[in-house]
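K.L.:
So here's final-v2.txt, just compact mmCIF, C-alpha atoms:
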# COMPACT_ATOMS: atom_id res chain seq x y z
CA MET A 1 4.52 -1.31 1.39
CA ARG A 2 6.48 -0.97 -1.74
CA VAL A 3 5.52 1.50 -4.29
CA LEU A 4 2.66 2.48 -2.31
CA LEU A 5 0.11 4.92 -4.21
CA ILE A 6 -1.53 7.59 -1.90
CA VAL A 7 -4.87 9.07 -3.06
CA CYS A 8 -5.89 12.67 -2.32
CA PHE A 9 -9.51 13.04 -1.28
CA ALA A 10 -10.36 16.74 -1.18
CA VAL A 11 -14.00 15.81 -1.75
CA LEU A 12 -14.20 15.21 2.00
CA LEU A 13 -14.46 18.97 2.43
CA ALA A 14 -18.02 18.64 1.18
CA PHE A 15 -18.75 16.45 4.18
CA THR A 16 -17.71 18.99 6.79
CA PHE A 17 -18.87 22.19 5.10
CA ALA A 18 -22.15 23.63 6.30
CA GLY A 19 -23.83 26.80 5.16
CA CYS A 20 -24.51 29.66 7.54
CA GLY A 21 -27.76 29.28 9.39
CA GLN A 22 -28.51 25.72 8.25
CA THR A 23 -30.30 23.43 10.67
CA GLU A 24 -28.87 19.99 11.38
CA SER A 25 -31.66 18.48 9.27
CA GLN A 26 -30.76 20.74 6.36
CA ARG A 27 -27.08 19.85 6.69
CA ALA A 28 -27.94 16.13 6.67
CA VAL A 29 -29.97 16.58 3.48
CA SER A 30 -27.05 18.48 1.93
CA ARG A 31 -24.64 15.65 2.80
CA ILE A 32 -26.94 13.04 1.30
CA ASP A 33 -27.37 15.14 -1.85
CA ASP A 34 -23.61 15.31 -2.27
CA PHE A 35 -23.30 11.59 -1.56
CA VAL A 36 -25.79 10.51 -4.21
CA SER A 37 -24.62 13.00 -6.86
CA VAL A 38 -21.34 11.33 -7.77
CA GLU A 39 -20.62 11.71 -11.48
CA LEU A 40 -20.89 8.33 -13.22
CA SER A 41 -20.46 9.29 -16.87
CA ASP A 42 -17.07 7.56 -17.27
CA VAL A 43 -17.94 4.18 -15.77
CA ASP A 44 -18.90 0.96 -17.54
CA PRO A 45 -22.61 0.59 -18.41
CA GLU A 46 -23.08 -2.21 -15.87
CA VAL A 47 -21.50 -0.12 -13.14
CA PHE A 48 -23.58 2.91 -14.10
CA GLU A 49 -26.82 0.93 -13.84
CA PHE A 50 -25.83 -0.71 -10.57
CA LEU A 51 -24.71 2.49 -8.84
CA SER A 52 -27.65 4.51 -10.17
CA LEU A 53 -30.07 2.05 -8.56
CA LYS A 54 -28.18 2.27 -5.26
CA GLN A 55 -28.19 6.07 -5.45
CA GLN A 56 -31.95 6.11 -6.03
CA ALA A 57 -32.45 3.84 -3.02
CA VAL A 58 -30.62 6.36 -0.82
CA ARG A 59 -32.72 9.24 -2.20
CA GLU A 60 -35.82 7.31 -1.18
CA SER A 61 -34.50 6.21 2.24
CA PRO A 62 -31.81 8.72 3.29
CA ASN A 63 -32.10 7.79 6.98
CA ASP A 64 -31.68 4.05 6.51
CA SER A 65 -28.12 3.18 7.54
CA ASP A 66 -28.15 -0.11 5.63
CA VAL A 67 -29.20 1.59 2.40
CA VAL A 68 -26.59 4.33 2.82
CA GLY A 69 -23.95 1.75 3.73
CA GLU A 70 -24.79 -0.38 0.68
CA LEU A 71 -24.20 2.58 -1.62
CA ALA A 72 -20.92 3.29 0.19
CA MET A 73 -19.79 -0.32 -0.33
CA ALA A 74 -20.86 -0.17 -3.98
CA TYR A 75 -18.88 3.06 -4.40
CA GLU A 76 -15.76 1.60 -2.80
CA MET A 77 -15.78 -1.64 -4.75
CA ASN A 78 -16.26 0.13 -8.08
CA GLY A 79 -13.65 2.85 -7.88
CA PHE A 80 -15.16 5.67 -5.77
CA ALA A 81 -13.39 5.18 -2.45
CA ASP A 82 -13.47 8.87 -1.51
CA SER A 83 -17.26 8.96 -1.84
CA ALA A 84 -17.50 5.64 0.01
CA LEU A 85 -15.75 7.28 2.95
CA ILE A 86 -18.50 9.90 3.17
CA GLY A 87 -21.12 7.16 3.07
CA TYR A 88 -19.51 5.06 5.79
CA ARG A 89 -19.38 8.07 8.09
CA GLN A 90 -23.01 8.92 7.38
CA ALA A 91 -24.07 5.29 7.99
CA ALA A 92 -22.16 5.34 11.30
CA THR A 93 -24.02 8.51 12.30
CA LEU A 94 -27.33 6.80 11.53
CA ALA A 95 -26.37 3.52 13.24
CA PRO A 96 -23.66 4.27 15.83
CA ALA A 97 -23.80 0.76 17.32
CA ASN A 98 -22.92 -1.02 14.04
CA ILE A 99 -19.25 -2.01 13.93
CA LYS A 100 -19.17 -2.34 10.13
CA TRP A 101 -19.29 1.34 9.27
CA PRO A 102 -16.28 2.58 11.29
CA TYR A 103 -14.46 -0.63 10.31
CA TYR A 104 -14.98 0.05 6.60
CA GLU A 105 -14.05 3.70 7.14
CA SER A 106 -10.77 2.55 8.67
CA LEU A 107 -9.93 0.31 5.71
CA VAL A 108 -10.55 3.11 3.22
CA LEU A 109 -8.36 5.48 5.21
CA THR A 110 -5.68 2.78 5.35
CA SER A 111 -5.75 2.52 1.55
CA PHE A 112 -5.22 6.30 1.43
CA GLY A 113 -2.18 6.00 3.72
CA ASP A 114 -3.93 8.02 6.45
CA TYR A 115 -2.89 5.64 9.21
CA LYS A 116 -3.59 7.82 12.24
CA ASP A 117 -7.18 8.56 11.24
CA ALA A 118 -7.57 4.92 10.22
CA LEU A 119 -6.59 3.89 13.74
CA THR A 120 -9.08 6.33 15.25
CA ALA A 121 -11.90 4.82 13.18
CA LEU A 122 -10.73 1.27 13.92
CA ASP A 123 -10.64 1.96 17.65
CA ARG A 124 -14.28 3.06 17.43
CA ALA A 125 -15.11 -0.22 15.70
CA LEU A 126 -13.29 -2.34 18.28
CA ASP A 127 -14.99 -0.45 21.09
CA LEU A 128 -18.24 -1.76 19.63
CA ASP A 129 -17.02 -5.35 19.28
CA ALA A 130 -13.64 -6.27 20.74
CA THR A 131 -14.05 -9.91 19.65
CA TYR A 132 -13.68 -9.16 15.92
CA ALA A 133 -10.21 -10.61 15.33
CA PRO A 134 -9.56 -9.06 11.87
CA GLY A 135 -9.85 -5.65 13.47
CA TRP A 136 -6.97 -6.47 15.81
CA ILE A 137 -4.80 -7.63 12.90
CA TRP A 138 -5.43 -4.37 11.07
CA LYS A 139 -4.78 -2.42 14.25
CA GLY A 140 -1.45 -4.19 14.73
CA ARG A 141 -0.42 -3.52 11.12
CA LEU A 142 -1.38 0.15 11.39
CA HIS A 143 0.69 0.56 14.56
CA LEU A 144 3.58 -1.15 12.74
CA GLU A 145 3.28 1.41 9.93
CA LEU A 146 3.57 4.15 12.55
CA ASP A 147 6.46 2.31 14.28
CA GLU A 148 4.41 2.03 17.49
CA LEU A 149 5.76 -1.36 18.44
CA HIS A 150 4.29 -1.84 21.92
CA GLU A 151 0.79 -1.03 20.69
CA ALA A 152 1.28 -3.27 17.65
CA ALA A 153 2.29 -6.23 19.81
CA ASP A 154 -0.71 -5.75 22.12
CA ALA A 155 -3.05 -5.69 19.12
CA PHE A 156 -1.61 -8.85 17.59
CA ARG A 157 -1.90 -10.70 20.89
CA ASN A 158 -5.62 -9.89 20.96
CA ALA A 159 -6.04 -11.94 17.76
CA PHE A 160 -4.59 -15.13 19.30
CA ASP A 161 -6.77 -18.24 19.55
CA THR A 162 -8.79 -17.14 16.50
CA ASP A 163 -8.78 -17.90 12.77
CA ALA A 164 -6.36 -14.96 12.41
CA GLU A 165 -3.71 -16.43 14.73
CA SER A 166 -1.15 -17.09 11.98
CA ALA A 167 -1.31 -13.47 10.86
CA ALA A 168 -1.03 -12.40 14.50
CA LYS A 169 2.14 -14.46 15.03
CA VAL A 170 3.70 -13.04 11.86
CA GLY A 171 2.89 -9.57 13.17
CA LEU A 172 4.60 -10.34 16.49
CA ALA A 173 7.65 -11.61 14.59
CA GLN A 174 7.79 -8.33 12.65
CA VAL A 175 7.65 -6.42 15.93
CA ALA A 176 10.48 -8.55 17.33
CA LEU A 177 12.64 -7.88 14.26
CA ARG A 178 12.17 -4.13 14.64
CA GLU A 179 13.07 -4.41 18.31
CA GLU A 180 16.32 -6.16 17.32
CA LYS A 181 15.08 -9.41 18.85
CA ALA A 182 15.88 -11.63 15.89
CA GLU A 183 16.15 -14.80 18.00
CA THR A 184 12.63 -14.30 19.36
CA ALA A 185 11.32 -13.66 15.85
CA LEU A 186 13.07 -16.74 14.46
CA ASN A 187 11.69 -19.05 17.14
CA LEU A 188 8.18 -17.74 16.59
CA LEU A 189 8.42 -18.05 12.80
CA GLN A 190 9.94 -21.53 12.76
CA GLU A 191 7.20 -22.77 15.05
CA LEU A 192 4.62 -21.20 12.74
CA ALA A 193 6.26 -22.67 9.61
CA HIS A 194 5.57 -26.21 10.85
CA HIS A 195 1.88 -25.86 10.03
CA THR A 196 1.52 -22.72 7.88
CA ILE A 197 3.11 -22.29 4.45
CA HIS A 198 3.44 -18.74 3.15
CA PRO A 199 6.26 -16.86 1.35
CA GLN A 200 6.15 -14.03 3.89
CA ILE A 201 7.02 -16.47 6.67
CA ASP A 202 9.94 -17.83 4.63
CA GLN A 203 11.21 -14.34 3.88
CA LEU A 204 11.02 -13.26 7.52
CA ILE A 205 12.86 -16.42 8.61
CA ARG A 206 15.58 -15.61 6.09
CA THR A 207 15.84 -12.04 7.44
CA ALA A 208 16.10 -13.26 11.04
CA GLN A 209 18.82 -15.79 10.09
CA ILE A 210 20.82 -13.07 8.30
CA ARG A 211 20.51 -10.79 11.34
CA LEU A 212 21.80 -13.56 13.59
CA GLY A 213 24.63 -14.48 11.24
CA LYS A 214 23.20 -17.98 10.83
CA PRO A 215 23.30 -19.96 7.57
CA VAL A 216 20.09 -19.46 5.63
CA ASP A 217 17.95 -22.59 5.22
CA ALA A 218 18.65 -24.02 1.76
CA ASP A 219 14.96 -24.68 1.10
CA LEU A 220 14.01 -21.02 1.60
CA LEU A 221 13.75 -19.66 -1.92
CA ARG A 222 14.78 -16.08 -2.39
CA PRO A 223 11.80 -14.38 -4.04
CA SER A 224 12.33 -11.87 -6.85
CA THR A 225 9.71 -9.59 -5.30
CA ILE A 226 8.63 -8.86 -1.75
CA PRO A 227 5.86 -11.35 -0.88
CA GLY A 228 2.42 -10.18 0.10
CA GLN A 229 1.31 -10.32 3.70
CA ILE A 230 -0.24 -13.47 5.08
CA GLY A 231 -4.01 -13.43 4.80
CA PHE A 232 -6.72 -13.97 7.39
CA PRO A 233 -10.51 -14.47 7.27
CA ASP A 234 -12.37 -11.14 7.27
CA PRO A 235 -16.14 -11.65 6.90
CA PHE A 236 -16.86 -7.92 6.67
CA SER A 237 -14.47 -7.47 3.76
CA THR A 238 -15.93 -10.56 2.09
CA GLU A 239 -19.39 -9.01 2.38
CA LYS A 240 -18.26 -5.99 0.36
CA ARG A 241 -17.19 -8.10 -2.61
CA LYS A 242 -20.75 -8.80 -3.71
CA TYR A 243 -20.99 -5.11 -4.62
CA GLU A 244 -18.33 -5.43 -7.35
CA VAL A 245 -19.63 -5.41 -10.90
CA SER A 246 -18.30 -5.62 -14.47
CA ILE A 247 -14.67 -4.73 -15.21
CA SER A 248 -14.23 -3.14 -11.80
CA ALA A 249 -15.08 -6.43 -10.12
CA ASP A 250 -12.69 -8.38 -12.32
CA LEU A 251 -9.87 -5.91 -11.75
CA THR A 252 -10.45 -6.08 -8.00
CA ARG A 253 -10.39 -9.87 -8.22
CA PHE A 254 -7.12 -9.62 -10.16
CA ARG A 255 -5.54 -7.57 -7.36
CA ASN A 256 -6.86 -9.90 -4.68
CA LEU A 257 -5.52 -12.98 -6.47
CA LEU A 258 -2.08 -11.39 -6.74
CA ALA A 259 -2.09 -10.88 -2.97
CA GLN A 260 -2.58 -14.61 -2.40
CA PRO A 261 0.54 -16.81 -2.20
CA ASN A 262 -0.65 -19.19 -4.93
CA GLY A 263 -2.94 -16.85 -6.82
CA GLN A 264 -0.62 -15.46 -9.50
CA SER A 265 -1.46 -18.03 -12.17
CA ALA A 266 -5.21 -17.46 -11.78
CA ALA A 267 -4.64 -13.69 -11.75
CA PHE A 268 -2.70 -13.87 -15.00
CA GLU A 269 -5.39 -16.02 -16.63
CA LEU A 270 -8.07 -13.55 -15.53
CA ILE A 271 -6.30 -10.49 -16.89
CA ASP A 272 -5.45 -12.26 -20.16
CA THR A 273 -9.16 -12.98 -20.63
CA LEU A 274 -10.04 -9.37 -19.85
CA THR A 275 -7.42 -8.13 -22.30
CA GLU A 276 -8.93 -10.22 -25.09
CA LYS A 277 -12.39 -8.89 -24.27
CA TYR A 278 -11.52 -5.23 -23.62
CA PRO A 279 -8.26 -4.52 -25.49
CA GLU A 280 -8.98 -0.78 -25.66
CA ASN A 281 -10.00 -0.26 -22.03
CA LYS A 282 -7.31 1.82 -20.33
CA ARG A 283 -7.75 0.25 -16.89
CA VAL A 284 -7.42 -3.22 -18.39
CA VAL A 285 -4.29 -2.18 -20.28
CA ILE A 286 -2.78 -0.83 -17.03
CA ALA A 287 -3.51 -4.16 -15.31
CA SER A 288 -2.13 -6.09 -18.28
CA ALA A 289 1.09 -4.08 -18.05
CA HIS A 290 1.34 -4.99 -14.38
CA ARG A 291 0.81 -8.65 -15.25
CA LEU A 292 3.64 -8.54 -17.82
CA ARG A 293 5.88 -6.74 -15.35
CA LEU A 294 5.35 -9.44 -12.73
CA SER A 295 5.95 -12.24 -15.23
CA GLY A 296 9.19 -10.61 -16.36
CA ASP A 297 8.18 -10.45 -20.03
CA VAL A 298 10.10 -7.26 -20.75
CA PRO A 299 9.85 -7.27 -24.59
CA GLU A 300 6.08 -7.73 -24.52
CA LEU A 301 5.75 -5.18 -21.70
CA ARG A 302 7.73 -2.60 -23.67
CA THR A 303 5.58 -3.17 -26.77
CA LEU A 304 2.39 -2.78 -24.75
CA LEU A 305 3.59 0.36 -22.98
CA GLU A 306 4.81 2.00 -26.17
CA GLN A 307 1.44 1.39 -27.84
CA ALA A 308 -0.47 2.53 -24.76
CA HIS A 309 1.65 5.67 -24.42
CA ALA A 310 0.93 6.52 -28.07
CA THR A 311 -2.80 6.04 -27.45
CA TRP A 312 -2.94 7.82 -24.08
CA PRO A 313 0.07 10.17 -24.12
CA ASN A 314 -0.90 11.90 -20.88
CA GLU A 315 -1.57 8.75 -18.84
CA ILE A 316 1.06 8.85 -16.11
CA ASN A 317 1.00 5.07 -15.52
CA PHE A 318 2.32 4.40 -19.01
CA MET A 319 4.90 7.19 -18.82
CA LEU A 320 6.25 5.88 -15.53
CA GLY A 321 6.15 2.28 -16.74
CA LEU A 322 8.25 3.13 -19.78
CA ALA A 323 10.59 5.24 -17.67
CA GLU A 324 11.18 2.29 -15.34
CA LEU A 325 12.16 0.14 -18.32
CA GLU A 326 14.53 2.83 -19.57
CA VAL A 327 16.13 3.14 -16.15
CA ALA A 328 16.57 -0.65 -16.04
CA SER A 329 18.21 -0.63 -19.48
CA GLN A 330 20.26 2.46 -18.52
CA SER A 331 18.72 4.56 -21.31
CA THR A 332 18.98 7.52 -18.99
CA SER A 333 18.20 10.29 -21.44
CA ARG A 334 14.81 8.91 -22.49
CA ALA A 335 14.01 7.86 -18.94
CA LEU A 336 14.52 11.42 -17.74
CA GLN A 337 12.46 12.79 -20.63
CA LEU A 338 9.53 10.54 -19.71
CA LEU A 339 9.92 11.27 -16.00
CA GLU A 340 9.97 15.02 -16.48
CA GLY A 341 6.79 14.72 -18.54
CA ALA A 342 5.10 12.62 -15.87
CA LEU A 343 6.21 14.91 -13.03
CA ALA A 344 4.97 17.95 -14.95
CA LEU A 345 1.52 16.35 -14.81
CA GLU A 346 1.88 15.15 -11.22
CA PRO A 347 4.77 16.89 -9.41
CA THR A 348 4.20 15.03 -6.14
CA ASN A 349 4.26 11.51 -7.57
CA ALA A 350 6.66 9.75 -5.20
CA TRP A 351 7.32 6.86 -7.59
CA GLY A 352 8.24 9.28 -10.39
CA LEU A 353 10.58 11.20 -8.09
CA LEU A 354 12.18 7.93 -6.99
CA GLN A 355 12.73 6.81 -10.58
CA ARG A 356 14.17 10.22 -11.48
CA GLY A 357 16.59 9.85 -8.60
CA LEU A 358 17.69 6.47 -9.91
CA ALA A 359 18.16 7.83 -13.44
CA LEU A 360 20.21 10.77 -12.19
CA ALA A 361 22.34 8.42 -10.09
CA GLN A 362 23.03 6.31 -13.19
CA ASP A 363 24.49 9.42 -14.81
CA GLY A 364 26.67 9.99 -11.75
CA HIS A 365 24.70 13.07 -10.64
CA PHE A 366 24.41 11.93 -7.04
CA GLU A 367 23.66 15.34 -5.53
CA ASP A 368 20.75 15.83 -7.96
CA ALA A 369 19.67 12.24 -7.35
CA LEU A 370 19.60 12.88 -3.61
CA ASN A 371 17.48 15.97 -4.13
CA SER A 372 14.88 14.02 -6.12
CA LEU A 373 14.89 11.10 -3.68
CA GLN A 374 14.51 13.40 -0.70
CA GLN A 375 11.55 15.08 -2.40
CA ALA A 376 9.99 11.63 -2.74
CA LEU A 377 10.67 10.99 0.94
CA GLN A 378 8.77 14.11 1.94
CA ILE A 379 5.70 12.77 0.11
CA ASP A 380 5.76 9.08 0.98
CA GLU A 381 8.26 7.50 3.35
CA SER A 382 9.07 4.00 2.14
CA ALA A 383 11.80 1.41 2.54
CA ASP A 384 12.69 1.74 -1.16
CA ILE A 385 13.30 5.47 -0.93
CA HIS A 386 15.47 5.18 2.19
CA TYR A 387 17.36 2.32 0.55
CA TYR A 388 18.30 4.37 -2.52
CA ILE A 389 19.06 7.48 -0.49
CA GLY A 390 21.43 5.32 1.51
CA HIS A 391 23.11 4.19 -1.70
CA ALA A 392 23.45 7.78 -2.90
CA PHE A 393 25.06 8.89 0.36
CA ALA A 394 27.43 5.91 0.17
CA GLU A 395 28.48 6.97 -3.34
CA LEU A 396 29.26 10.40 -1.86
CA ASN A 397 31.31 8.68 0.89
CA ASP A 398 28.90 9.89 3.57
CA PHE A 399 28.67 6.48 5.20
CA SER A 400 27.14 7.78 8.42
CA ARG A 401 24.04 9.12 6.69
CA ALA A 402 24.02 6.14 4.36
CA ARG A 403 23.83 3.83 7.36
CA CYS A 404 20.99 5.81 8.94
CA HIS A 405 18.83 5.64 5.84
CA MET A 406 19.62 1.96 5.27
CA ARG A 407 18.71 1.21 8.87
CA ARG A 408 15.42 3.07 8.44
CA ALA A 409 14.70 1.00 5.31
CA VAL A 410 15.13 -2.17 7.36
CA GLU A 411 12.97 -0.76 10.17
CA LEU A 412 10.17 -0.06 7.71
CA GLU A 413 10.53 -3.40 5.94
CA PRO A 414 12.45 -6.02 7.93
CA GLU A 415 12.11 -8.57 5.11
CA PHE A 416 13.90 -6.24 2.65
CA THR A 417 16.88 -8.58 2.31
CA ALA A 418 19.02 -6.32 0.09
CA ALA A 419 18.71 -3.51 2.63
CA VAL A 420 19.64 -5.87 5.48
CA GLU A 421 22.77 -6.95 3.62
CA GLN A 422 23.75 -3.36 2.79
CA LEU A 423 23.18 -2.32 6.40
CA ASN A 424 25.51 -5.07 7.59
CA ARG A 425 28.24 -3.74 5.26
CA LEU A 426 27.67 -0.16 6.41
CA ASN A 427 27.74 -1.27 10.06
CA ALA A 428 31.15 -2.77 9.42
CA ILE A 429 32.35 0.50 7.88
CA SER A 430 30.90 2.46 10.80
CA ARG A 431 32.74 0.29 13.33
CA ALA A 432 35.96 0.64 11.37
CA ASP A 433 35.62 4.44 11.32
CA SER A 434 34.83 4.58 15.07
CA ASN A 435 32.74 7.68 14.42
CA GLY A 436 29.85 6.93 16.71
CA GLU A 437 28.98 10.46 17.78
CA LEU A 438 28.70 11.76 14.22
CA ASP A 439 26.69 8.67 13.35
CA ARG A 440 24.20 9.33 16.15
CA GLN A 441 23.84 12.97 15.12
CA SER A 442 23.20 11.98 11.50
CA CYS A 443 20.62 9.41 12.58
CA ASN A 444 18.83 12.02 14.62
CA ARG A 445 18.62 14.27 11.56
CA VAL A 446 17.18 11.40 9.53
CA GLU A 447 14.58 10.68 12.21
CA GLU A 448 13.62 14.36 12.39
CA ASN A 449 12.94 14.34 8.63
So, in terms of structure tokens, how does the structure I just supplied come out?
P.N.:
Amino acid sequence: MRVLLIVCFAVLLAFTFAGCGQTESQRAVSRIDDFVSVELSDVDPEVFEFLSLKQQAVRESPNDSDVVGELAMAYEMNGFADSALIGYRQAATLAPANIKWPYYESLVLTSFGDYKDALTALDRALDLDATYAPGWIWKGRLHLELDELHEAADAFRNAFDTDAESAAKVGLAQVALREEKAETALNLLQELAHHTIHPQIDQLIRTAQIRLGKPVDADLLRPSTIPGQIGFPDPFSTEKRKYEVSISADLTRFRNLLAQPNGQSAAFELIDTLTEKYPENKRVVIASAHRLRLSGDVPELRTLLEQAHATWPNEINFMLGLAELEVASQSTSRALQLLEGALALEPTNAWGLLQRGLALAQDGHFEDALNSLQQALQIDESADIHYYIGHAFAELNDFSRARCHMRRAVELEPEFTAAVEQLNRLNAISRADSNGELDRQSCNRVEEN
């Protein structure tokens, strides 16, 4: 969930727009024309050739759902997710009994952060085949994102007795933690840990033990970053991977390896090879910066980002990356300069607004920091943002609001150990102040936001 990037897809308007007096056949032709006319001038040569062939196939067979769906998968796996969404919907119109197309539509919408529409598409898929266990895992996770705990639990239970059972049990443990049933979560997780090893399980066990006031198991390492979610077999998603080509395929493989519990070393090796081969490719440089960030090589990361920023001065990834380093080193003035430049290019970048809030807080400007953090919250609610808002309110001695935001951070991300520990401290302050009514009113205002 952390530092989640939400993509705007205004191109979808082309899908719903229809000219006055057009017949349904004419509208279908118009949709296909839009679908196969995606601009490919900026892609790698291999990607251009591959997608051009898929586009031509759709021009020749516009009513073949498999051909349309193949182009949609090729679009998604090579950086055109918004156009893929149009294709999946068109393929579903042509073949309404095929579960794949609404399933793929749901995953794209999930990547956009459009969880409600993603659930609608996923429900259509599961209506077609309720035995597809990965769909129930995704449904449970989407309901968790929307804090719909009863629905999430029901979805996870539907994935029991399948290859996705471990992921389903982790999902039920997350539900239990949000319902303040830490003992139930701990029992479920410890049973699971006997035969499944994954850092997410360890982190959730640690969170449950802290909630219960129990000593944390000594062999549970405290990770420096939030672990990825436990995986599960998903044949449909595997099918899409054969449509990855060239750099896009390698970069997708890099991201997938990072999501695996033991995949970091292979991911680093892959991106190092890509960097040697394509040192001037901006997407590769962005991935290389992420690799250095994860490995903690700050000097090398700073050198790379400074060079990249000089080469691509208006690339927001490099501006924000440098700003994060400046915030970490408390070079507030330059951090704010970089952040203001990035936010001038993209005013609604939640990560930039969050970093600006941290920089302002370092300077002791907590009111201004709150303003920036609350702007970020309006764009993308995340555990991180609530966590830092809670800190800012605590610095202003508004412990009631601080507690509400810290509690929301834990609700959104129960394995966020630092937030759990801060919430315990704020709970102690709240009990000492005996100001329950004000606390409830403040919490209500937080929930309304």
K.L.:
Counting all atoms listed in the file, what is within 12 Å of Arg253 in chain A, bar same-chain residues fewer than 6 positions away, as number ranges by chain?
P.N.:
A: 77-78, 238, 241-242, 244-247, 259-260, 263-264, 266-271, 274, 287
K.L.:
For the contact check between range 69-132 of chain A and range 232-237 of chain A, emit one row per residue of range 69-132 of chain A within 9 Å, containing the shortest atom pair and the distance in Å rounded to one decimal, counting all atoms listed in the file, chain then rising number order, as a tab-separated table.
P.N.:
residue	atom	partner	partner_atom	distance
A:Lys100	CA	A:Phe236	CA	7.0
A:Tyr103	CA	A:Phe236	CA	8.5
A:Tyr104	CA	A:Ser237	CA	8.1
A:Tyr132	CA	A:Asp234	CA	9.0
K.L.:
Could you tell me how far CA of Ser248 in chain A sits from CA of Val67 in chain A, in Å to one decimal place?
P.N.:
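Here the two named atoms are 21.2 Å from each other.
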K.L.:
Please list as a list in words every residue within 10 Å of range 366-370 of chain A, counting all atoms listed in the file and excluding residues in the same chain fewer than 3 positions away.
P.N.:
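Contacts, with the query itself left out: Leu353, Leu354, Gln355, Arg356, Gly357, Leu358, Ala359, Leu360, Ala361, Gln362, Asp363, Leu373, Gln374, Gln375, Ala376, Tyr388, Ile389, Gly390, His391, Ala392, Phe393, Ala394, Glu395 and Leu396 of chain A.
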K.L.:
Pick the closest to Thr184 in chain A from A:Leu172, A:Leu426, A:Val47, A:Ala289: which is it, counting all atoms listed in the file?
P.N.:
A:Leu172
K.L.:
Would you work out the distance separating CA of Ala164 in chain A from CA of Pro134 in chain A, expressed in Å to one decimal?
P.N.:
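Going from CA of Ala164 in chain A over to CA of Pro134 in chain A, I get 6.7 Å.
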K.L.:
Determine the nearest neighbour of Ala92 in chain A from the options A:Asp297, A:Glu76, A:Asp66, A:Glu381, counting only C-alpha atoms.
P.N.:
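Going through A:Asp297, A:Glu76, A:Asp66, A:Glu381 one by one, the smallest distance to Ala92 in chain A is for A:Asp66.
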K.L.:
List the spatial neighbours of Glu413 in chain A as a VMD selection string - criterion: any atom at most 12 Å away, all atoms listed in the file, same-chain residues fewer than 6 positions off excluded.
P.N.:
chain A and resid 1 to 2 144 to 145 147 174 to 175 177 to 178 200 203 to 204 207 226 to 227 229 381 to 387 406 to 407 419 to 420
K.L.:
Would you compute the distance between CA of Met319 in chain A and CA of Ser111 in chain A? Give it in Å to one decimal.
P.N.:
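One can read the CA of Met319 in chain A to CA of Ser111 in chain A distance as 23.5 Å.
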K.L.:
Give me the residues near Ala125 in chain A as a short mmCIF file (atom, residue, chain, number, x, y, z; two decimals) with C-alpha atoms, keeping the file's coordinate frame, where near means some atom within 7 Å (using only C-alpha atoms) and where sequence neighbours in that chain fewer than 2 positions away do not count.
P.N.:
data_model
loop_
_atom_site.label_atom_id
_atom_site.label_comp_id
_atom_site.auth_asym_id
_atom_site.auth_seq_id
_atom_site.Cartn_x
_atom_site.Cartn_y
_atom_site.Cartn_z
CA ILE A 99 -19.25 -2.01 13.93
CA PRO A 102 -16.28 2.58 11.29
CA TYR A 103 -14.46 -0.63 10.31
CA ALA A 121 -11.90 4.82 13.18
CA LEU A 122 -10.73 1.27 13.92
CA ASP A 123 -10.64 1.96 17.65
CA ASP A 127 -14.99 -0.45 21.09
CA LEU A 128 -18.24 -1.76 19.63
CA ASP A 129 -17.02 -5.35 19.28
#
K.L.:
Do you know which residues are at most 9 Å from His143 in chain A counting only C-alpha atoms, after dropping those on the same chain fewer than 3 positions away, and could you put them as a PyMOL selection string?
P.N.:
chain A and resi 115-116+119+138-140+146-153+155
K.L.:
Could you give me, as a ChimeraX atom specification, the residues that have an atom at most 12 Å away from the point (12.8, -19.0, 8.9) in the coordinates of the file, using all atoms listed in the file?
P.N.:
/A:170,173,182-194,196-212,214-222,415
K.L.:
Using all atoms listed in the file, find the one residue out of A:Phe112, A:Arg425, A:Phe80, A:Gln55 that sits nearest to Phe399 in chain A.
P.N.:
A:Arg425
K.L.:
Using all atoms listed in the file, which residue out of A:Leu85, A:Ala342, A:Val298, A:Leu292 lies closest to Glu105 in chain A?
P.N.:
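For Glu105 in chain A, the nearest of the given residues is A:Leu85.
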K.L.:
Given the choices A:Tyr278, A:Phe416, A:Trp312, A:Phe160, which gets closest to Asp44 in chain A if the distance is worked out from all atoms listed in the file?
P.N.:
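Checking each candidate against Asp44 in chain A, we get A:Tyr278 as the closest.
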K.L.:
Could you check the closest approach to Phe254 in chain A for each of A:Ile316, A:Ile230, A:Ile286, A:Ala323 and tell me which residue wins, using only C-alpha atoms?
P.N.:
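For Phe254 in chain A, the nearest of the given residues is A:Ile286.
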